[in-house]
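Please read the structure below before turning to the comments.
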Amino acid sequence: MPTFTQLLYKKKTRLVKLHTNNVLALRKCPQKKGTVVKIRIVKPKKPNSAQRKIAKVKIFGRCILAYVPGQGHNLKSYSCVLVEGGRANDLPGVRFSLIRGKFDFSWRETFDRVNKTSRYGIPKYRNF
């Protein structure tokens, strides 16, 4: 049974949280074209250790951070890139990825792999 004071200062019913979309910068589009402002190297969160490459990309006059996939790239300032949603798990604040092989971002990695062929690497054996 609540006391008189508890009834007097009864809290209002809790408001339902509104769902927010993390990729609002794309404005409800699957991909968007953007311009690279700056290329940076960032270290990932605690258990991991690496040098991850990210790009600061300008879309609709607003800058976002996007992950550069694969090993090696040919990006520099003022390159045109295609941005998609999809975050880098161990990089805080990076909620977008770049798509290779579109506009100024080449699909080829800048060096040949020795052990494993990559999604972006040159195939080891070609049957022409």
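By order in the structure tokens, chains are A, B, ...; within a chain, residues start at 1; ligands start at 1, following the order shown.
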
Using only C-alpha atoms, I'd like a table of the residues in range 46-73 of chain A that come within 9 Å of range 92-111 of chain A; for each, show the closest atom pair and its distance in Å rounded to one decimal, ordered by chain and ascending number, as a tab-separated table.
```
residue	atom	partner	partner_atom	distance
A:Ile54	CA	A:Val94	CA	8.1
A:Ala55	CA	A:Leu98	CA	8.7
A:Ile64	CA	A:Phe96	CA	7.9
A:Leu65	CA	A:Val94	CA	5.3
A:Ala66	CA	A:Phe96	CA	4.6
A:Tyr67	CA	A:Ser97	CA	4.6
A:Val68	CA	A:Leu98	CA	5.7
A:Pro69	CA	A:Leu98	CA	6.9
A:Gly70	CA	A:Glu109	CA	6.9
A:Gln71	CA	A:Glu109	CA	5.8
A:Gly72	CA	A:Thr110	CA	5.0
A:His73	CA	A:Thr110	CA	6.1
```

For this session: Fewer than 3 positions away in the same chain doesn't count, so skip those; otherwise give me all residues within 9 Å of Leu91 in chain A, counting only C-alpha atoms, as a list of chain:residue names.
Result: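 Final neighbour list, sorted by chain and number: A:Val42, A:Lys43, A:Pro44, A:Lys45, A:Arg52, A:Tyr67, A:Arg87, A:Ala88, A:Val94, A:Arg95.
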
Exercise. Could you pull the residues within 7 Å of range 28-34 of chain A, counting only C-alpha atoms, minus those fewer than 6 positions along the same chain, as a list in words?
Worked result: Val57, Lys58, Ile59, Cys80, Val81, Leu82, Val83 and Glu84 of chain A

Problem set entry | Residue among A:Lys46, A:Lys10, A:Lys76, A:Arg62 lying closest to Ala25 in chain A, counting only C-alpha atoms |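 Smallest distance to Ala25 in chain A is found for A:Arg62.
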
For this session: Could you please determine the separation between CA of Pro2 in chain A and CA of Leu15 in chain A in Å, to one decimal place?
Result: 22.3 Å

Problem set entry | Every residue of chain A that DSSP places in strand (DSSP E or B), as a PyMOL selection string | chain A and resi 31-42+52-59+62-67+80-85+96-99+102+105

Could you take the residues named above and write them with C-alpha atoms, as an mmCIF file, in the first residue's frame?
```
data_model
loop_
_atom_site.group_PDB
_atom_site.id
_atom_site.type_symbol
_atom_site.label_atom_id
_atom_site.label_comp_id
_atom_site.auth_asym_id
_atom_site.auth_seq_id
_atom_site.Cartn_x
_atom_site.Cartn_y
_atom_site.Cartn_z
ATOM 1 C CA GLN A 31 24.748 4.147 -50.527
ATOM 2 C CA LYS A 32 25.824 7.730 -51.069
ATOM 3 C CA LYS A 33 28.605 9.430 -52.982
ATOM 4 C CA GLY A 34 30.970 11.527 -50.911
ATOM 5 C CA THR A 35 34.273 13.370 -51.065
ATOM 6 C CA VAL A 36 37.276 12.410 -48.937
ATOM 7 C CA VAL A 37 38.425 15.252 -46.691
ATOM 8 C CA LYS A 38 41.220 13.475 -44.816
ATOM 9 C CA ILE A 39 42.786 10.025 -44.408
ATOM 10 C CA ARG A 40 43.735 8.939 -40.882
ATOM 11 C CA ILE A 41 45.189 5.941 -39.081
ATOM 12 C CA VAL A 42 43.465 4.889 -35.856
ATOM 13 C CA ARG A 52 43.261 0.775 -39.093
ATOM 14 C CA LYS A 53 42.790 3.220 -41.957
ATOM 15 C CA ILE A 54 39.747 5.483 -41.880
ATOM 16 C CA ALA A 55 38.632 8.352 -44.075
ATOM 17 C CA LYS A 56 36.795 11.526 -43.149
ATOM 18 C CA VAL A 57 34.139 11.869 -45.860
ATOM 19 C CA LYS A 58 31.900 14.829 -46.617
ATOM 20 C CA ILE A 59 28.261 14.009 -47.490
ATOM 21 C CA ARG A 62 28.379 16.995 -43.004
ATOM 22 C CA CYS A 63 31.527 14.994 -42.256
ATOM 23 C CA ILE A 64 31.441 11.333 -41.248
ATOM 24 C CA LEU A 65 34.113 8.737 -40.476
ATOM 25 C CA ALA A 66 34.236 5.705 -42.796
ATOM 26 C CA TYR A 67 36.352 2.562 -42.644
ATOM 27 C CA CYS A 80 35.192 10.567 -54.761
ATOM 28 C CA VAL A 81 34.003 7.459 -52.885
ATOM 29 C CA LEU A 82 30.833 5.457 -52.365
ATOM 30 C CA VAL A 83 29.778 5.135 -48.702
ATOM 31 C CA GLU A 84 27.587 2.398 -47.226
ATOM 32 C CA GLY A 85 26.330 1.709 -43.730
ATOM 33 C CA PHE A 96 30.258 3.562 -42.234
ATOM 34 C CA SER A 97 32.389 1.664 -44.754
ATOM 35 C CA LEU A 98 33.663 2.549 -48.202
ATOM 36 C CA ILE A 99 32.906 0.447 -51.283
ATOM 37 C CA LYS A 102 33.626 2.624 -57.461
ATOM 38 C CA PHE A 105 38.625 3.999 -54.974
#
```

Exercise. Hey, which of A:Asn48, A:Val23, A:Gly61, A:Asn115 ends up closest to Gly86 in chain A? Count only C-alpha atoms.
Worked result: A:Val23

Exercise. Which residues in chain A does DSSP call helix (DSSP H, G or I)? List them as an NGL selection string.
Worked result: :A and (4-8 or 24-26)

Quick one: write out the picked residues with C-alpha atoms as a short mmCIF file (atom, residue, chain, number, x, y, z; two decimals), in the first residue's frame?
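Below you can see part.cif, which holds the result:
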```cif
data_model
loop_
_atom_site.label_atom_id
_atom_site.label_comp_id
_atom_site.auth_asym_id
_atom_site.auth_seq_id
_atom_site.Cartn_x
_atom_site.Cartn_y
_atom_site.Cartn_z
CA PHE A 4 0.09 9.49 1.26
CA THR A 5 3.43 11.13 0.41
CA GLN A 6 4.16 8.54 -2.27
CA LEU A 7 0.78 9.20 -3.87
CA LEU A 8 1.32 12.94 -3.64
CA LEU A 24 21.09 9.06 -40.70
CA ALA A 25 23.88 10.68 -42.73
CA LEU A 26 22.87 8.54 -45.73
#
```

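Take CA of Tyr78 in chain A and CA of Phe60 in chain A: the distance between them is 14.7 Å.
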